[in-house]
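Student: Let me begin by handing over the structure; questions about it come next.
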Amino acid sequence: MSEESGNSGGESTLTVLLAGGVNLAIAVMKLIAGIITGSGAMLSEAAHSVADTITEVLLLTALKRSERPADRVHPFGYGKERYFWSLLAAVSIFASGAMFALYEGVSTLFGHGEAQSTSLLSYIVLAVAFLLEGTSWLQAVRQVVRESRAENRSLWTYLRLIDDPTPKTVLFEDSAALVGLLLAFGGIGLHQLTGSEVWDGIASIAIGLLLACVAYLLGRTNRGLLVGRQADPTLVRGIREHLTAAPEIEALVDLQTMLMGTDQVLVCTRVDFDDSLGAADLERACVRLASELTESFHDVTEVFIEPVPRSDPDLRATVLARYGDIAERWSKP
């Protein structure tokens with residue numbers, strides 16, 4: 001792993017630890033305020049913070065377990081552990097936060113909740129929680145902005161292509177936490193102004209729907225990474241250009257990449273070598289090209305090169321079905 005990758009991993013750990021400590025403290029405050037006032041919105045926010053705390057524990061597990069080196073049982077390493085535990089974190093947000101908030105909201109609207117009262121304590125807790133969540137949110141924003149700028153990408157493009165779900169998870173859950181606090185503040189405030197508990201129930205339902213959306217977005221990201229997503233398009237283009245420029249290669253027949261973990265890319269390529277090369281020349285070329293790819297592209301950790309004829313009809317049909325007409329442009333002019 002490169003020095004840049006190590007720095008990113010250390011910052012991800014800091015981001016998760018900060019978010020976890022903040023969420024645990026906020027969960028206790030919200031729970032106390034919710035029990036005292038009976039506010040469904042406040043109890044929903046307490047469940048929200050509990051879910052976020054569980055999420056941070058799962059993310060820390062992801063960071064630690066994914067760093068284990070490759071072994072006989074897992075020859076490609078444990079990089080995808082980060083995606084698995086991050087997926088569980090998304091499930092936790094939905095199961096622990098969204099479902100409870102929706103339940104509290106429906107109970108309040110249909111008059112099955114506990115008697116509620118408004119209290120200055122609720123506003124104080126929400127204000128303190130907003131400040132603490134804001135601190136965690138700023139750390140997550142600083143990390144993703146710094147990393148997106150290092151890759152010369154917009155923030156949204158970076159988040160869409162990111163291969164480390166940890167900072168994205170913290171950023172999304174902290175953003176949802178800030179919005180959820182505003183919803184709770186609005187629900188409690190309108191309840192106090194109108195005397196109707198309906199507003200508190202509506203706020204709880206809105207918090208539940210917000211958490212469900214966040215859980216879906218994070219779940220979709222980790223599902224794609226677990227299934228086996230192609231590497232960054234910029235990296236794939238660089239690998240393709242490097243291979244097609246090699247003097248021994250007449251045509252790049254197929255190029256497959258897959259994210260094996262954060263900053264870990266598997267490269268499998270089929271190439272049509274110059275027919276004049278002998279067996280020893282072919283072996284040396286494969287070894288040299290694999291070494292060049294791992295040195296030139298730090299995220300590339302494994303390279304497999306297979307010599308094939310470009311004229312094979314079955315292979316050609318497979319490649320065209322996967323990539324379309326773009327595969328036609330891989331051959332040298």
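The chains in the structure tokens are called A, B, ... from first to last as shown; in each chain the residues are counted from 1, and the ligands are counted from 1 in the order shown.
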Extract, using only C-alpha atoms, all DNA, RNA and protein residues at most 6 Å from range 255-258 of chain A, discarding same-chain residues fewer than 3 positions from it, and format them as a PyMOL selection string.
Tutor: chain A and resi 228-231+265-269
Student: Could the residues of range 181-268 of chain A that have an atom at most 12 Å from range 88-111 of chain A be listed as a tab-separated table, each with its closest atom pair and the distance in Å to one decimal, counting only C-alpha atoms and ordered by chain and ascending residue number?
Tutor:
```
residue	atom	partner	partner_atom	distance
A:Ala184	CA	A:Ala101	CA	11.0
A:Gly187	CA	A:Gly105	CA	10.8
A:His191	CA	A:Thr108	CA	11.7
A:Ser196	CA	A:Leu109	CA	9.8
A:Glu197	CA	A:Thr108	CA	6.8
A:Val198	CA	A:Leu109	CA	5.4
A:Trp199	CA	A:Leu109	CA	8.4
A:Asp200	CA	A:Thr108	CA	7.3
A:Gly201	CA	A:Gly105	CA	4.1
A:Ile202	CA	A:Gly105	CA	6.1
A:Ala203	CA	A:Gly105	CA	7.2
A:Ser204	CA	A:Gly105	CA	4.6
A:Ile205	CA	A:Leu102	CA	4.8
A:Ala206	CA	A:Leu102	CA	8.0
A:Ile207	CA	A:Ala101	CA	6.4
A:Gly208	CA	A:Ala98	CA	4.1
A:Leu209	CA	A:Ala98	CA	6.5
A:Leu210	CA	A:Ala98	CA	7.6
A:Leu211	CA	A:Ala98	CA	5.1
A:Ala212	CA	A:Phe94	CA	5.4
A:Cys213	CA	A:Phe94	CA	8.6
A:Val214	CA	A:Ala90	CA	7.8
A:Ala215	CA	A:Ala90	CA	4.7
A:Tyr216	CA	A:Ala90	CA	7.3
A:Leu217	CA	A:Ala90	CA	8.4
A:Leu218	CA	A:Ala90	CA	5.8
A:Gly219	CA	A:Ala90	CA	5.5
A:Arg220	CA	A:Ala90	CA	9.2
A:Thr221	CA	A:Ala90	CA	9.8
A:Asn222	CA	A:Ala90	CA	8.7
A:Arg223	CA	A:Ala90	CA	10.5
A:Leu226	CA	A:Leu88	CA	12.0
```
Student: Taking 5 positions as the minimum chain separation for residues in the same chain, which residues sit within 6 Å of range 12-25 of chain A when counting only C-alpha atoms? Answer as a list in words.
Tutor: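 Everything that qualifies: Ser49, Thr53, Glu56 and Ser136 of chain A.
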Student: Please report as CSV every residue of range 178-279 of chain A lying within 7 Å of range 65-81 of chain A, along with the nearest atom pair and their distance in Å (one decimal), using only C-alpha atoms.
Tutor:
```
residue,atom,partner,partner_atom,distance
A:Leu226,CA,A:Lys80,CA,6.6
A:Met260,CA,A:Gly79,CA,5.8
A:Gly261,CA,A:Gly79,CA,3.8
A:Thr262,CA,A:Gly79,CA,6.4
```
Student: Write out, as a short mmCIF file (atom, residue, chain, number, x, y, z; two decimals), in the first residue's frame, the residues just selected, with all heavy atoms.
Tutor:
```
data_model
loop_
_atom_site.label_atom_id
_atom_site.label_comp_id
_atom_site.auth_asym_id
_atom_site.auth_seq_id
_atom_site.Cartn_x
_atom_site.Cartn_y
_atom_site.Cartn_z
N LEU A 226 -19.02 -4.81 -3.44
CA LEU A 226 -18.95 -6.23 -3.10
C LEU A 226 -19.10 -7.13 -4.32
O LEU A 226 -18.42 -8.15 -4.46
CB LEU A 226 -20.03 -6.57 -2.07
CG LEU A 226 -19.69 -6.35 -0.60
CD1 LEU A 226 -20.92 -6.58 0.27
CD2 LEU A 226 -18.56 -7.27 -0.16
N MET A 260 -10.46 -4.89 -5.47
CA MET A 260 -10.35 -5.95 -4.47
C MET A 260 -10.37 -5.40 -3.05
O MET A 260 -10.29 -6.14 -2.08
CB MET A 260 -9.05 -6.74 -4.70
CG MET A 260 -8.97 -7.40 -6.06
SD MET A 260 -10.31 -8.57 -6.34
CE MET A 260 -9.96 -9.78 -5.08
N GLY A 261 -10.44 -4.08 -2.94
CA GLY A 261 -10.42 -3.41 -1.66
C GLY A 261 -10.02 -1.96 -1.89
O GLY A 261 -9.81 -1.53 -3.03
N THR A 262 -9.91 -1.20 -0.83
CA THR A 262 -9.49 0.19 -0.97
C THR A 262 -8.05 0.26 -1.44
O THR A 262 -7.16 -0.32 -0.82
CB THR A 262 -9.64 0.92 0.38
OG1 THR A 262 -11.01 0.86 0.79
CG2 THR A 262 -9.20 2.36 0.27
#
```
Student: I need the residue nearest Ile26 in chain A from this list: A:Leu225, A:Ala47, A:Leu171, A:Ala150. Use only C-alpha atoms for the distance.
Tutor: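 Closest residue, counting only C-alpha atoms: A:Ala47.
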Student: For Gly134 in chain A, which residue among A:Ala177, A:Ala280, A:Ala27, A:Leu259 is the nearest when counting only C-alpha atoms?
Tutor: A:Ala177
Student: Using only C-alpha atoms, which residues sit within 9 Å of Val125 in chain A once same-chain residues fewer than 3 positions away are excluded, as a list in words?
Tutor: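 Within the cut-off, the hits are Ile26, Met29, Lys30, Ala33, Leu120, Leu121, Ser122, Val128, Ala129 and Phe130 of chain A.
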Student: Go ahead and compute the interatomic distance for CA of Glu283 in chain A and CA of Val271 in chain A, in Å to one decimal.
Tutor: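 CA of Val271 in chain A lies at a distance of 13.0 Å from CA of Glu283 in chain A.
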Student: When you draw a straight line from CA of Asp232 in chain A to CA of Glu306 in chain A, how long is it in Å?
Tutor: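 Distance between the two atoms: 22.1 Å.
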Student: Would you list the contacts of Asp272 in chain A as an mmCIF file with N, CA and C atoms, in the first residue's frame, taking every protein, DNA or RNA residue within 8 Å and counting only C-alpha atoms, but skipping same-chain residues closer than 4 positions in sequence?
Tutor:
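around-v7.cif, written as the output of this step:
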```
data_model
loop_
_atom_site.group_PDB
_atom_site.id
_atom_site.type_symbol
_atom_site.label_atom_id
_atom_site.label_comp_id
_atom_site.auth_asym_id
_atom_site.auth_seq_id
_atom_site.Cartn_x
_atom_site.Cartn_y
_atom_site.Cartn_z
ATOM 1 N N ILE A 249 3.409 -5.779 -28.012
ATOM 2 C CA ILE A 249 1.967 -6.032 -28.129
ATOM 3 C C ILE A 249 1.432 -5.451 -29.439
ATOM 4 N N GLU A 250 0.740 -6.285 -30.199
ATOM 5 C CA GLU A 250 0.112 -5.829 -31.431
ATOM 6 C C GLU A 250 -1.323 -5.373 -31.214
ATOM 7 N N ALA A 251 -2.000 -5.990 -30.252
ATOM 8 C CA ALA A 251 -3.387 -5.604 -29.983
ATOM 9 C C ALA A 251 -3.761 -5.982 -28.555
ATOM 10 N N LEU A 252 -4.495 -5.090 -27.927
ATOM 11 C CA LEU A 252 -5.075 -5.379 -26.615
ATOM 12 C C LEU A 252 -6.456 -5.972 -26.866
ATOM 13 N N VAL A 253 -6.608 -7.243 -26.607
ATOM 14 C CA VAL A 253 -7.839 -7.949 -26.943
ATOM 15 C C VAL A 253 -8.893 -7.770 -25.848
ATOM 16 N N PRO A 307 -1.588 -14.379 -23.210
ATOM 17 C CA PRO A 307 -1.426 -14.216 -24.665
ATOM 18 C C PRO A 307 -2.554 -14.937 -25.407
ATOM 19 N N VAL A 308 -3.198 -14.225 -26.322
ATOM 20 C CA VAL A 308 -4.283 -14.816 -27.112
ATOM 21 C C VAL A 308 -4.233 -14.241 -28.522
ATOM 22 N N PRO A 309 -4.797 -14.960 -29.496
ATOM 23 C CA PRO A 309 -4.906 -14.395 -30.850
ATOM 24 C C PRO A 309 -6.115 -13.459 -30.931
ATOM 25 N N ARG A 310 -5.928 -12.329 -31.561
ATOM 26 C CA ARG A 310 -7.042 -11.371 -31.663
ATOM 27 C C ARG A 310 -8.154 -11.867 -32.583
#
```
Student: Taking only range 76-274 of chain A into account, list the residues labelled helix (DSSP H, G or I) by DSSP (computed from the backbone), as a PyMOL selection string.
Tutor: chain A and resi 81-109+120-150+155-161+165-194+198-227+233-244
Student: Rounded to one decimal place, report the CA of Glu292 in chain A-CA of Arg237 in chain A distance in Å.
Tutor: 15.1 Å
